[in-house]
Every structure is written in C-alpha cells, then in structure tokens.
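With TSV, C-alpha atoms inside, this is model_0.tsv:
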chain	number	residue	atom	x	y	z
A	13	MET	CA	-1.56	-0.28	21.45
A	14	HIS	CA	1.37	1.76	22.76
A	15	ILE	CA	0.83	5.53	22.75
A	16	PRO	CA	3.97	7.60	22.85
A	17	ALA	CA	4.54	9.28	26.18
A	18	GLY	CA	3.30	12.78	26.67
A	19	PRO	CA	1.44	15.01	29.09
A	20	ALA	CA	-1.74	13.54	30.52
A	21	PRO	CA	-4.09	15.83	28.52
A	22	VAL	CA	-2.33	14.85	25.28
A	23	ALA	CA	-2.60	11.15	26.12
A	24	GLY	CA	-6.29	11.70	26.86
A	25	VAL	CA	-6.85	13.38	23.50
A	26	VAL	CA	-5.09	10.55	21.63
A	27	GLY	CA	-7.01	7.94	23.60
A	28	ALA	CA	-10.33	9.69	22.98
A	29	GLY	CA	-9.63	10.01	19.26
A	30	LEU	CA	-8.51	6.40	18.95
A	31	LEU	CA	-11.60	5.15	20.81
A	32	SER	CA	-13.91	7.37	18.77
A	33	LEU	CA	-12.67	5.99	15.47
A	34	ALA	CA	-12.67	2.44	16.85
A	35	VAL	CA	-16.37	2.70	17.69
A	36	ALA	CA	-17.37	4.67	14.59
A	37	MET	CA	-15.55	2.48	12.08
A	38	GLY	CA	-15.22	-0.87	13.85
A	39	ILE	CA	-18.90	-0.94	14.86
A	40	GLY	CA	-20.78	1.84	13.07
A	41	ARG	CA	-19.25	1.01	9.67
A	42	PHE	CA	-17.97	-2.55	9.73
A	43	ALA	CA	-19.69	-4.53	12.51
A	44	PHE	CA	-21.93	-6.04	9.86
A	45	THR	CA	-19.00	-7.72	8.08
A	46	PRO	CA	-18.13	-10.35	10.74
A	47	LEU	CA	-21.81	-10.79	11.66
A	48	LEU	CA	-23.05	-11.37	8.10
A	49	PRO	CA	-22.03	-15.07	7.95
A	50	LEU	CA	-23.58	-15.63	11.37
A	51	MET	CA	-26.83	-13.95	10.30
A	52	LEU	CA	-26.83	-16.14	7.19
A	53	ARG	CA	-26.30	-19.17	9.44
A	54	ASP	CA	-29.17	-18.12	11.72
A	55	GLY	CA	-31.52	-17.52	8.79
A	56	ASP	CA	-31.88	-13.81	9.61
A	57	LEU	CA	-30.69	-12.71	6.14
A	58	SER	CA	-30.28	-13.91	2.60
A	59	PRO	CA	-27.08	-13.08	0.67
A	60	ILE	CA	-28.96	-10.52	-1.41
A	61	ALA	CA	-30.44	-8.88	1.70
A	62	GLY	CA	-26.89	-8.77	3.08
A	63	ALA	CA	-25.78	-6.74	0.06
A	64	GLU	CA	-28.71	-4.36	0.64
A	65	TRP	CA	-27.73	-3.88	4.30
A	66	ALA	CA	-24.13	-3.12	3.30
A	67	MET	CA	-25.19	-0.71	0.57
A	68	ALA	CA	-27.52	1.11	2.98
A	69	ASN	CA	-24.63	1.69	5.39
A	70	TYR	CA	-22.39	3.10	2.66
A	71	VAL	CA	-25.16	5.37	1.37
A	72	GLY	CA	-25.64	6.61	4.92
A	73	TYR	CA	-21.91	7.23	5.26
A	74	LEU	CA	-21.93	9.30	2.07
A	75	ALA	CA	-24.87	11.33	3.41
A	76	GLY	CA	-23.03	11.79	6.70
A	77	ALA	CA	-19.86	12.94	4.93
A	78	LEU	CA	-21.79	15.49	2.89
A	79	THR	CA	-23.60	16.89	5.95
A	80	ALA	CA	-20.72	16.69	8.43
A	81	ALA	CA	-19.51	20.24	7.82
A	82	ARG	CA	-22.91	21.54	8.92
A	83	VAL	CA	-22.97	19.65	12.23
A	84	ALA	CA	-19.30	19.99	13.17
A	85	SER	CA	-19.15	23.63	14.23
A	86	HIS	CA	-18.68	22.05	17.68
A	87	PRO	CA	-16.67	19.00	16.60
A	88	ARG	CA	-16.36	17.24	19.97
A	89	ARG	CA	-20.09	17.56	20.57
A	90	ALA	CA	-20.79	16.22	17.07
A	91	SER	CA	-18.53	13.23	17.65
A	92	LEU	CA	-20.21	12.42	20.97
A	93	ILE	CA	-23.66	12.64	19.37
A	94	GLY	CA	-22.42	10.31	16.65
A	95	LEU	CA	-21.03	7.81	19.16
A	96	VAL	CA	-24.33	7.68	21.05
A	97	GLY	CA	-26.14	7.24	17.75
A	98	VAL	CA	-23.89	4.32	16.76
A	99	ALA	CA	-24.57	2.65	20.12
A	100	ILE	CA	-28.35	3.09	19.86
A	101	THR	CA	-28.65	1.85	16.28
A	102	THR	CA	-26.44	-1.17	17.02
A	103	LEU	CA	-28.46	-2.11	20.11
A	104	ALA	CA	-31.71	-1.66	18.17
A	105	THR	CA	-30.49	-4.09	15.50
A	106	GLY	CA	-30.03	-6.77	18.15
A	107	LEU	CA	-33.48	-6.18	19.62
A	108	LEU	CA	-35.34	-6.82	16.36
A	109	SER	CA	-36.16	-10.08	14.62
A	110	GLY	CA	-38.22	-11.47	11.79
A	111	ALA	CA	-40.15	-9.03	9.61
A	112	ALA	CA	-39.23	-6.07	11.83
A	113	LEU	CA	-35.53	-6.79	11.35
A	114	ALA	CA	-35.95	-7.22	7.58
A	115	PHE	CA	-37.71	-3.85	7.34
A	116	ALA	CA	-35.73	-1.76	9.84
A	117	GLY	CA	-32.29	-3.36	9.51
A	118	PRO	CA	-31.17	-1.49	6.37
A	119	LEU	CA	-32.53	1.77	7.79
A	120	LEU	CA	-30.64	1.29	11.05
A	121	ARG	CA	-27.42	0.56	9.17
A	122	ALA	CA	-27.92	3.65	7.02
A	123	ILE	CA	-28.38	5.82	10.13
A	124	ALA	CA	-25.31	4.21	11.70
A	125	GLY	CA	-23.38	5.19	8.55
A	126	VAL	CA	-24.43	8.83	8.97
A	127	PHE	CA	-23.37	8.85	12.63
A	128	SER	CA	-20.05	7.17	11.77
A	129	ALA	CA	-19.17	9.93	9.32
A	130	TRP	CA	-20.03	12.58	11.90
A	131	VAL	CA	-17.73	10.90	14.41
A	132	LEU	CA	-14.89	10.67	11.90
A	133	VAL	CA	-15.15	14.36	11.02
A	134	GLY	CA	-15.84	15.58	14.55
A	135	ALA	CA	-13.20	13.49	16.31
A	136	SER	CA	-10.61	14.28	13.65
A	137	GLY	CA	-11.37	17.98	13.96
A	138	TRP	CA	-11.18	18.45	17.70
A	139	CYS	CA	-8.35	15.96	18.30
A	140	LEU	CA	-6.16	17.46	15.58
A	141	MET	CA	-6.78	20.98	16.89
A	142	ALA	CA	-6.06	19.90	20.48
A	143	LEU	CA	-2.81	18.19	19.48
A	144	ALA	CA	-1.77	21.22	17.41
A	145	ARG	CA	-2.39	23.52	20.39
A	146	ALA	CA	-0.32	21.17	22.56
A	147	GLY	CA	2.51	21.21	20.02
A	148	ARG	CA	2.23	17.45	19.36
A	149	PRO	CA	0.76	17.15	15.83
A	150	ALA	CA	2.95	14.09	15.10
A	151	LEU	CA	0.71	12.03	17.40
A	152	THR	CA	-2.15	12.37	14.91
A	153	ALA	CA	-1.31	9.08	13.21
A	154	TRP	CA	-1.97	7.18	16.43
A	155	ILE	CA	-5.58	8.35	16.36
A	156	TYR	CA	-6.12	6.67	12.99
A	157	THR	CA	-4.88	3.33	14.28
A	158	GLY	CA	-8.28	3.32	16.00
A	159	VAL	CA	-9.91	2.28	12.72
A	160	GLY	CA	-7.97	-0.97	12.58
A	161	CYS	CA	-8.22	-1.52	16.33
A	162	GLY	CA	-12.01	-1.18	16.20
A	163	ILE	CA	-12.27	-3.60	13.28
A	164	ALA	CA	-10.01	-6.09	15.06
A	165	LEU	CA	-11.90	-5.87	18.37
A	166	ALA	CA	-15.32	-6.23	16.72
A	167	GLY	CA	-13.96	-9.17	14.75
A	168	LEU	CA	-12.54	-10.77	17.89
A	169	LEU	CA	-15.89	-10.46	19.64
A	170	ALA	CA	-17.67	-12.11	16.71
A	171	TRP	CA	-14.90	-14.72	16.44
A	172	LEU	CA	-14.83	-15.71	20.09
A	173	GLY	CA	-18.62	-15.47	20.40
A	174	GLY	CA	-19.37	-17.24	17.13
A	175	GLY	CA	-21.33	-19.92	18.96
A	176	GLN	CA	-23.91	-17.33	20.04
A	177	SER	CA	-26.74	-16.03	17.91
A	178	ALA	CA	-26.01	-12.99	15.77
A	179	ARG	CA	-28.68	-11.05	17.69
A	180	TRP	CA	-26.74	-11.45	20.95
A	181	LEU	CA	-23.57	-10.27	19.24
A	182	TRP	CA	-25.34	-7.15	17.95
A	183	LEU	CA	-26.38	-6.40	21.53
A	184	GLU	CA	-22.85	-6.98	22.84
A	185	LEU	CA	-21.38	-4.71	20.18
A	186	GLY	CA	-24.00	-2.07	21.05
A	187	LEU	CA	-22.98	-2.23	24.70
A	188	ALA	CA	-19.32	-1.97	23.68
A	189	ALA	CA	-20.16	1.14	21.61
A	190	ALA	CA	-22.02	2.66	24.57
A	191	LEU	CA	-19.04	1.98	26.86
A	192	GLY	CA	-16.75	3.56	24.29
A	193	ALA	CA	-18.95	6.67	24.13
A	194	VAL	CA	-18.79	7.00	27.94
A	195	MET	CA	-15.01	6.63	27.94
A	196	VAL	CA	-14.59	9.22	25.16
A	197	ALA	CA	-16.77	11.66	27.11
A	198	ALA	CA	-14.48	11.23	30.11
A	199	LEU	CA	-11.23	11.55	28.16
A	200	GLY	CA	-9.47	14.50	26.64
A	201	ALA	CA	-12.12	17.17	27.26
A	202	PRO	CA	-10.78	20.43	25.78
A	203	ALA	CA	-10.55	23.57	27.85
A	204	ARG	CA	-13.05	25.13	25.47
A	205	GLU	CA	-14.92	24.13	22.33
A	206	PRO	CA	-14.15	25.94	19.08
A	207	GLU	CA	-16.46	28.85	18.58
A	208	ALA	CA	-19.70	28.13	16.71
A	209	GLY	CA	-19.31	28.86	13.04
A	210	SER	CA	-15.69	27.74	12.86
A	211	VAL	CA	-15.37	24.80	10.51
A	212	ASP	CA	-12.61	22.30	11.27
A	213	HIS	CA	-10.30	21.18	8.51
A	214	ALA	CA	-11.69	17.66	8.35
A	215	ALA	CA	-15.22	18.93	7.77
A	216	ALA	CA	-14.11	21.59	5.33
A	217	ARG	CA	-12.35	18.98	3.24
A	218	LEU	CA	-15.70	17.30	2.66
A	219	ALA	CA	-17.54	20.39	1.46
A	220	PRO	CA	-18.09	20.23	-2.32
A	221	SER	CA	-16.67	23.11	-4.33
A	222	THR	CA	-16.33	23.92	-7.99
A	223	GLN	CA	-13.04	25.81	-7.82
A	224	GLY	CA	-9.41	24.82	-7.61
A	225	VAL	CA	-9.39	21.36	-9.26
A	226	ASP	CA	-7.03	21.04	-12.19
A	227	LYS	CA	-7.90	18.68	-15.06
A	228	SER	CA	-4.77	16.67	-14.31
A	229	ASP	CA	-6.28	15.76	-10.92
A	230	THR	CA	-9.02	13.71	-12.58
A	231	GLY	CA	-6.79	10.63	-12.49
A	232	LEU	CA	-6.39	10.92	-8.73
A	233	VAL	CA	-10.16	11.18	-8.29
A	234	VAL	CA	-10.70	8.10	-10.48
A	235	CYS	CA	-8.00	6.12	-8.63
A	236	TYR	CA	-9.53	7.02	-5.28
A	237	GLY	CA	-12.98	5.96	-6.45
A	238	ILE	CA	-11.55	2.65	-7.72
A	239	PHE	CA	-9.86	2.18	-4.36
A	240	GLY	CA	-13.25	2.66	-2.64
A	241	TYR	CA	-14.78	-0.04	-4.82
A	242	GLY	CA	-11.75	-2.32	-4.75
A	243	TYR	CA	-11.40	-2.72	-1.00
A	244	ILE	CA	-15.08	-2.75	-0.08
A	245	VAL	CA	-15.91	-6.12	-1.65
A	246	LEU	CA	-13.56	-7.94	0.71
A	247	ALA	CA	-14.21	-5.51	3.56
A	248	THR	CA	-17.88	-6.48	3.39
A	249	PHE	CA	-17.89	-10.12	2.37
A	250	LEU	CA	-14.55	-11.65	3.43
A	251	PRO	CA	-15.90	-13.65	6.43
A	252	ALA	CA	-18.88	-14.75	4.33
A	253	MET	CA	-16.46	-16.00	1.65
A	254	ALA	CA	-14.48	-17.83	4.33
A	255	ARG	CA	-17.70	-19.45	5.62
A	256	ASP	CA	-18.25	-20.93	2.16
A	257	SER	CA	-14.86	-22.62	2.55
A	258	ILE	CA	-15.29	-23.90	6.10
A	259	ASP	CA	-18.37	-23.77	8.31
A	260	ASP	CA	-16.62	-23.47	11.68
A	261	PRO	CA	-16.98	-19.88	13.02
A	262	ILE	CA	-13.76	-20.27	14.99
A	263	VAL	CA	-11.98	-20.67	11.65
A	264	PHE	CA	-13.86	-18.40	9.23
A	265	GLY	CA	-14.29	-15.71	11.88
A	266	LEU	CA	-10.53	-15.29	12.18
A	267	THR	CA	-10.30	-13.41	8.87
A	268	TRP	CA	-11.85	-10.19	10.17
A	269	PRO	CA	-9.66	-9.69	13.28
A	270	VAL	CA	-6.64	-10.27	11.01
A	271	PHE	CA	-7.98	-7.62	8.60
A	272	GLY	CA	-8.30	-5.06	11.41
A	273	LEU	CA	-4.97	-5.87	13.04
A	274	ALA	CA	-3.22	-5.46	9.68
A	275	ALA	CA	-4.89	-2.06	9.27
A	276	ALA	CA	-3.77	-0.84	12.70
A	277	VAL	CA	-0.17	-2.06	12.31
A	278	SER	CA	0.17	-0.65	8.78
A	279	VAL	CA	-0.93	2.84	9.85
A	280	ALA	CA	1.54	2.87	12.75
A	281	ALA	CA	4.35	1.53	10.53
A	282	THR	CA	3.69	4.09	7.80
A	283	ALA	CA	3.66	6.90	10.33
A	284	ARG	CA	6.94	5.67	11.79
A	285	TRP	CA	8.93	4.77	8.67
A	286	GLY	CA	7.07	6.10	5.64
A	287	THR	CA	7.40	9.84	6.13
A	288	ALA	CA	10.36	10.13	3.73
A	289	LEU	CA	8.63	8.30	0.85
A	290	ALA	CA	6.74	10.11	-1.90
A	291	ARG	CA	2.97	9.93	-1.44
A	292	GLU	CA	2.54	8.65	-5.02
A	293	ARG	CA	4.87	5.76	-4.23
A	294	ILE	CA	3.09	4.83	-1.00
A	295	TRP	CA	-0.30	4.94	-2.70
A	296	ALA	CA	0.96	2.92	-5.70
A	297	LEU	CA	2.46	0.28	-3.39
A	298	ALA	CA	-0.78	0.09	-1.40
A	299	GLN	CA	-2.97	-0.19	-4.49
A	300	SER	CA	-0.69	-2.88	-5.97
A	301	ALA	CA	-0.82	-4.96	-2.79
A	302	MET	CA	-4.59	-4.50	-2.63
A	303	ALA	CA	-4.94	-5.80	-6.20
A	304	LEU	CA	-3.00	-8.91	-5.19
A	305	GLY	CA	-5.22	-9.28	-2.14
A	306	THR	CA	-8.42	-9.19	-4.18
A	307	ALA	CA	-6.93	-11.62	-6.73
A	308	LEU	CA	-6.12	-14.35	-4.20
A	309	PRO	CA	-9.76	-15.43	-3.56
A	310	LEU	CA	-10.17	-15.83	-7.32
A	311	LEU	CA	-7.39	-18.42	-7.25
A	312	SER	CA	-8.28	-20.18	-4.01
A	313	VAL	CA	-10.92	-19.89	-1.27
A	314	ALA	CA	-8.87	-21.97	1.17
A	315	ILE	CA	-8.69	-20.34	4.58
A	316	GLY	CA	-4.95	-19.65	4.20
A	317	ALA	CA	-5.49	-17.71	0.97
A	318	LEU	CA	-8.32	-15.71	2.54
A	319	ILE	CA	-6.20	-14.80	5.59
A	320	ALA	CA	-3.41	-13.67	3.25
A	321	SER	CA	-6.01	-11.61	1.40
A	322	ALA	CA	-7.12	-10.09	4.72
A	323	VAL	CA	-3.53	-9.05	5.46
A	324	LEU	CA	-2.97	-7.54	2.00
A	325	VAL	CA	-6.25	-5.59	1.82
A	326	GLY	CA	-6.55	-4.79	5.52
A	327	GLY	CA	-2.94	-3.68	5.64
A	328	THR	CA	-3.31	-1.23	2.76
A	329	PHE	CA	-6.75	0.40	2.83
A	330	MET	CA	-5.95	2.92	5.57
A	331	VAL	CA	-2.47	3.54	4.11
A	332	ALA	CA	-4.05	4.33	0.72
A	333	THR	CA	-6.56	6.59	2.45
A	334	MET	CA	-3.85	8.63	4.17
A	335	ALA	CA	-1.58	8.75	1.11
A	336	GLY	CA	-4.40	9.94	-1.14
A	337	MET	CA	-5.41	12.74	1.22
A	338	GLN	CA	-1.79	13.79	1.77
A	339	LEU	CA	-1.13	13.84	-1.97
A	340	ALA	CA	-4.15	16.07	-2.52
A	341	ARG	CA	-2.80	18.51	0.06
A	342	GLU	CA	0.67	18.41	-1.54
A	343	ARG	CA	-0.71	19.19	-5.00
A	344	HIS	CA	-2.91	22.05	-3.78
A	345	PRO	CA	-1.32	23.36	-0.57
A	346	ASP	CA	-3.23	26.63	-0.70
A	347	ASN	CA	-6.66	25.07	-1.19
A	348	PRO	CA	-6.90	21.25	-1.18
A	349	THR	CA	-10.62	21.32	-0.34
A	350	PRO	CA	-12.06	20.95	-3.88
A	351	LEU	CA	-9.85	18.00	-4.80
A	352	VAL	CA	-10.29	16.23	-1.46
A	353	ALA	CA	-14.06	16.71	-1.65
A	354	ARG	CA	-14.23	15.07	-5.07
A	355	MET	CA	-11.96	12.24	-4.00
A	356	THR	CA	-14.11	11.62	-0.92
A	357	ILE	CA	-17.32	11.55	-2.95
A	358	ALA	CA	-15.72	9.25	-5.56
A	359	PHE	CA	-14.57	6.94	-2.77
A	360	ALA	CA	-18.05	6.80	-1.24
A	361	CYS	CA	-19.62	6.10	-4.64
A	362	GLY	CA	-17.10	3.31	-5.19
A	363	GLN	CA	-18.09	1.75	-1.87
A	364	ILE	CA	-21.75	1.80	-2.86
A	365	ALA	CA	-20.99	0.28	-6.27
A	366	GLY	CA	-19.62	-2.98	-4.80
A	367	PRO	CA	-22.76	-4.16	-2.97
A	368	LEU	CA	-24.92	-2.65	-5.74
A	369	LEU	CA	-23.20	-4.82	-8.35
A	370	ILE	CA	-23.64	-7.94	-6.19
A	371	ARG	CA	-27.30	-7.06	-5.63
A	372	SER	CA	-27.89	-6.53	-9.36
A	373	ILE	CA	-26.39	-9.92	-10.31
A	374	GLY	CA	-28.31	-11.66	-7.52
A	375	ASP	CA	-28.21	-15.31	-6.53
A	376	THR	CA	-28.11	-16.61	-10.11
A	377	ALA	CA	-24.57	-17.12	-11.41
A	378	LEU	CA	-23.75	-14.98	-14.43
A	379	MET	CA	-21.95	-17.07	-17.06
A	380	GLY	CA	-21.38	-19.67	-14.35
A	381	VAL	CA	-19.64	-17.17	-12.05
A	382	SER	CA	-21.12	-15.99	-8.73
A	383	ALA	CA	-21.82	-12.32	-8.00
A	384	LEU	CA	-19.04	-12.19	-5.40
A	385	ARG	CA	-16.47	-13.54	-7.84
A	386	TRP	CA	-17.57	-11.10	-10.54
A	387	ALA	CA	-17.27	-8.20	-8.10
A	388	ASN	CA	-13.84	-9.41	-6.96
A	389	LEU	CA	-12.60	-9.94	-10.52
A	390	ILE	CA	-13.63	-6.42	-11.52
A	391	ALA	CA	-12.01	-5.05	-8.35
A	392	THR	CA	-8.73	-6.80	-9.18
A	393	LEU	CA	-8.63	-5.49	-12.74
A	394	LEU	CA	-9.52	-1.94	-11.73
A	395	LEU	CA	-7.04	-1.87	-8.85
A	396	ALA	CA	-4.26	-3.21	-11.05
A	397	GLY	CA	-4.98	-0.59	-13.72
A	398	SER	CA	-5.11	2.26	-11.21
A	399	ALA	CA	-1.91	1.04	-9.54
A	400	ALA	CA	-0.17	1.11	-12.94
A	401	TRP	CA	-1.36	4.69	-13.45
A	402	LEU	CA	-0.07	5.70	-10.00
A	403	TRP	CA	3.32	4.11	-10.68
A	404	ARG	CA	3.45	6.01	-13.97
A	405	LEU	CA	2.67	9.23	-12.10
A	406	TYR	CA	5.37	8.49	-9.53
A	407	PHE	CA	8.09	7.81	-12.10
A	408	ALA	CA	7.05	10.87	-14.13
A	409	ARG	CA	7.63	13.02	-11.04
A	410	ASN	CA	10.69	11.07	-9.84
A	411	PRO	CA	12.63	10.01	-12.95
A	412	LEU	CA	15.34	7.41	-12.49
A	413	ARG	CA	18.77	8.93	-12.78
A	414	SER	CA	22.28	8.00	-11.78
A	415	ASP	CA	23.89	9.95	-9.00
A	416	THR	CA	27.00	11.79	-10.15
A	417	SER	CA	29.17	14.10	-8.14
A	418	ALA	CA	29.50	17.67	-9.33
Show how you would write the structure in this file as structure tokens.
Amino acid sequence: MHIPAGPAPVAGVVGAGLLSLAVAMGIGRFAFTPLLPLMLRDGDLSPIAGAEWAMANYVGYLAGALTAARVASHPRRASLIGLVGVAITTLATGLLSGAALAFAGPLLRAIAGVFSAWVLVGASGWCLMALARAGRPALTAWIYTGVGCGIALAGLLAWLGGGQSARWLWLELGLAAALGAVMVAALGAPAREPEAGSVDHAAARLAPSTQGVDKSDTGLVVCYGIFGYGYIVLATFLPAMARDSIDDPIVFGLTWPVFGLAAAVSVAATARWGTALARERIWALAQSAMALGTALPLLSVAIGALIASAVLVGGTFMVATMAGMQLARERHPDNPTPLVARMTIAFACGQIAGPLLIRSIGDTALMGVSALRWANLIATLLLAGSAAWLWRLYFARNPLRSDTSA
C-alpha cells in the first residue's frame, strides 16, 4: 500500500495506525471468518457453534465500544494494550482443542472483540491527533485502509495455508498479531501522550448521551443498524458458503482476501475521488451495491457469484461506515456525539442480530430454506429498503434542477 510522502514521523504515525487497524480488525474481529470453513472441515466446530463464536465476538466488540472512552485517556497506551490482548487471545485459541476449545473459544473471541474496539478507538484517537498536530489531517484515510489490508492478509494466510489444520493457522495469526504489536510500538511514538482525563474524539463519539438527537435522525440510526446486520452475514459466513459450493480450500478460501482487498481499495478511492460527493449519495450508493452483493448468493452459490459478492460487500462496508459517520458530523457539527453514539450502538446490535438469527433457526431448514439463506434474504430486503430511504433523503436535499444562467 502506497503512503503519500511526508516527514518520517508522519509516515510512522500512518504506518502505526494502519498496522493497528489491520491487526485489530483483520485478526481480532474477522480472523474467524476464513478459519470457520477449515474448523468445520477439521471437526472442531458445528455450524451452530460457529454462529455462537461469531456472536460472542460481536457482543465483545459492543462492550469494548461502550467502555472505550473510559480506557482511552491515554489512547496510544490503550491501543497497545488492545493489540497485545488480540495476540494473546488468538494464540490461546490455537493452543486449545476438544472440550476446552468448545468451552473457551466463544469467551476468547468475545475478549478479542473488546480488545479490537479499544484498538480502534485508541489508534484512531492518537493517530488523528498526531496528524492534526503535524498539519497532515488528509492522511487520515490511509489509516483506515488498514481494515481492508488486515482482512486481506488474514485471508491470504488462511488461503495459502488451507492445507494445514485450523489450529496451526490460529497460532500463525496470533504470531502475526504479536509481530504487528511490536511494530506499532516501534513506530510513530508521539513526543508526549495526551494528558490523563482528556478524551479523544473517537472515544467521545461512542459515549451514549440523551441530548442533541433530532427525531429526523431516527432514519439514519435505523439505516446504520440495518447496514450492520446486512454486511455481517457475508462478512462472517462467506468462505463457509463458498465451501458448500466447492471443497477445495485454494478455491473457497479466495473469497476472503478478495473481500479485504476490495475494502482497502474502496477506502483509498473514496478518499481520493469522493470528497466532492454528498455523504447521503455515497452512503446510498454503498448500501445499494451491498444489497446487490447479498442478493447474488440467493441466485447462485457458484464461486464466481460469491467472489462478485465479496467485491460488492467488501468494497462498500468501510465506505458506508465513513459516509455514515461523516453525515452525522455534517448534520450536527456542534455536537455529533449523541447521534454517532446511537448509530454505533445500532450498528453493533445489527451485527449481533445476524449470527443470532442463524443460531435461532439452527440446522433444520425453515420452510425448506437454510438459516444462512434466510439471513441473507432478510439482509437483502432490509438493505434495499434502507438504500431507497437514503436515496430519497439525498434527492430531498439535492433536488434535480436545470442549470440556467442569470
């Protein structure tokens, strides 16, 4: 990934932020996705247990988001603690087997979710402040390409190492997370930490509040919650769906690196060329493409359709995230915290709802339709409806009119 040229300290800050989010999201949040089909193959998990593991991680992430403001008074320290925690929990998952894995696995994934949220808030806080002090705030977008890069790298490791046992891959990902933590510690160290008691903007945005949210913002909160549910079904089960189509890990494992690469490229492209577009339009475009991406597996589970789905969903979920947060700040420039807090909580609840629905339906097909297909069908309908609402909002604020000279 090319980082725009700048002074060495600035490059170190961008590199540290990118690496932090790569480890936190690519491993702490989403390492389970490419490993799930391999764990099913090895007999380590059942499909229902897989949904429980995923749900535990998302519950942990919600808990981490809600507590992040309290641990991020020293944001760089909080992010480093989180990175070490992600490495330890990932290594521990690879060291367990049998009944111990069945019992401790969901707990470890929940703890990894908490640590991931702390890294996201902490790294965002100190990197954004460091770049602002250096007069280079435009480089912020490069930090968030780390999410897609981490997903792609974890997916590549699982793809290329698909012939190994899932336990070995957990250990390798844990070692990669530990190496990432060491590199972050060596990069971009600020001249001084923010004073204790100062709350960075990223953490403050997650603190619940009861003031400042207008009733008209309810639609944005609902759309953001739907987005959380809509993308998470494929973000959790896409490689497992591909494995049902073809049993070769070299083939089905390709879907997850494609998902991550699409996420990284889309963030960079939006930062480069999307600054002039209205946030409502960007979000509506992203949600529309995501609806198409979740619809494709309903029509075909051929590997080509699933890779196209990976591009459509992977290439839009981080764009929708950024557009939603930016729109909240545009609508409430003086105090976006209450709206962003509610959107974040709605998003986290949407993420939990996906695996919870699959767990509640179970292995038995409902009306002849599997739990995954039900979850995907509901995601498609909800995403399409929310995209229509966002387009309506966009055209209400930007009515079509002919240009006439005065």
Legend entry - Contacts of Asp260 (chain A) at 10 Å (only C-alpha atoms; same-chain gap of 5+ positions) as a PyMOL selection string: chain A and resi 174-175+254-255+265
Inset, instruction - Would you mind telling me which residue in A:Met253, A:Ala317, A:Val35, A:Cys139 lies nearest to Pro59 (chain A) when using only C-alpha atoms? - result: A:Met253
Legend entry - Surrounding residues of Met51 (chain A) excluding itself and chain neighbours under 6 positions, 9 Å, all atoms listed in the file, as an MDAnalysis selection string: chainID A and resid 57:58 62 177:179
Emit the selected residues as an mmCIF file, keeping the file's coordinate frame, including C-alpha atoms.
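Output file again-v9.cif is given in full below:
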data_model
loop_
_atom_site.group_PDB
_atom_site.id
_atom_site.type_symbol
_atom_site.label_atom_id
_atom_site.label_comp_id
_atom_site.auth_asym_id
_atom_site.auth_seq_id
_atom_site.Cartn_x
_atom_site.Cartn_y
_atom_site.Cartn_z
ATOM 1 C CA LEU A 57 -30.690 -12.710 6.140
ATOM 2 C CA SER A 58 -30.280 -13.910 2.600
ATOM 3 C CA GLY A 62 -26.890 -8.770 3.080
ATOM 4 C CA SER A 177 -26.740 -16.030 17.910
ATOM 5 C CA ALA A 178 -26.010 -12.990 15.770
ATOM 6 C CA ARG A 179 -28.680 -11.050 17.690
#
Inset, instruction - Name the closest residue to Val234 (chain A) among the candidates A:Ala66, A:Ala360, A:Met330, A:Leu31; distances are taken between atoms, counting all atoms listed in the file. - result: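 The answer is A:Ala360, which sits nearest to Val234 (chain A).
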Compile a residue-level contact table for region 39-116 of chain A against region 338-359 of chain A at a cut-off of 9 Å, reporting for every qualifying residue the shortest atom pair and its distance in Å to one decimal, with only C-alpha atoms counted, rows ordered by chain and ascending number, as JSON lines.
{"residue": "A:Leu74", "atom": "CA", "partner": "A:Ile357", "partner_atom": "CA", "distance": 7.2}
{"residue": "A:Ala77", "atom": "CA", "partner": "A:Thr356", "partner_atom": "CA", "distance": 8.3}
{"residue": "A:Leu78", "atom": "CA", "partner": "A:Ile357", "partner_atom": "CA", "distance": 8.3}
Inset, instruction - Measuring atom to atom with only C-alpha atoms, identify which of A:Phe115, A:Trp285, A:Tyr156, A:Tyr406 is nearest to Met37 (chain A). - result: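 Distance minimum relative to Met37 (chain A) lands on A:Tyr156.
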Can you write out as JSON lines which residues of region 234-282 of chain A fall within 12 Å of region 288-300 of chain A, alongside each residue's closest atom pair and its distance in Å to one decimal, counting all atoms listed in the file and ordering rows by chain and ascending residue number?
{"residue": "A:Cys235", "atom": "CA", "partner": "A:Gln299", "partner_atom": "CA", "distance": 9.1}
{"residue": "A:Tyr236", "atom": "CA", "partner": "A:Gln299", "partner_atom": "CA", "distance": 9.8}
{"residue": "A:Gly237", "atom": "CA", "partner": "A:Gln299", "partner_atom": "CA", "distance": 11.9}
{"residue": "A:Ile238", "atom": "CA", "partner": "A:Gln299", "partner_atom": "CA", "distance": 9.6}
{"residue": "A:Phe239", "atom": "CA", "partner": "A:Gln299", "partner_atom": "CA", "distance": 7.3}
{"residue": "A:Gly240", "atom": "CA", "partner": "A:Gln299", "partner_atom": "CA", "distance": 10.8}
{"residue": "A:Tyr241", "atom": "CA", "partner": "A:Gln299", "partner_atom": "CA", "distance": 11.8}
{"residue": "A:Gly242", "atom": "CA", "partner": "A:Gln299", "partner_atom": "CA", "distance": 9.0}
{"residue": "A:Tyr243", "atom": "CA", "partner": "A:Gln299", "partner_atom": "CA", "distance": 9.5}
{"residue": "A:Ala275", "atom": "CA", "partner": "A:Ala298", "partner_atom": "CA", "distance": 11.6}
{"residue": "A:Ser278", "atom": "CA", "partner": "A:Ala298", "partner_atom": "CA", "distance": 10.3}
{"residue": "A:Val279", "atom": "CA", "partner": "A:Ala298", "partner_atom": "CA", "distance": 11.6}
{"residue": "A:Thr282", "atom": "CA", "partner": "A:Ile294", "partner_atom": "CA", "distance": 8.9}
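Nearest residue to Ala320 (chain A) among A:Leu266, A:Ile364, A:Ala61, A:Ala23 is A:Leu266, counting all atoms listed in the file.
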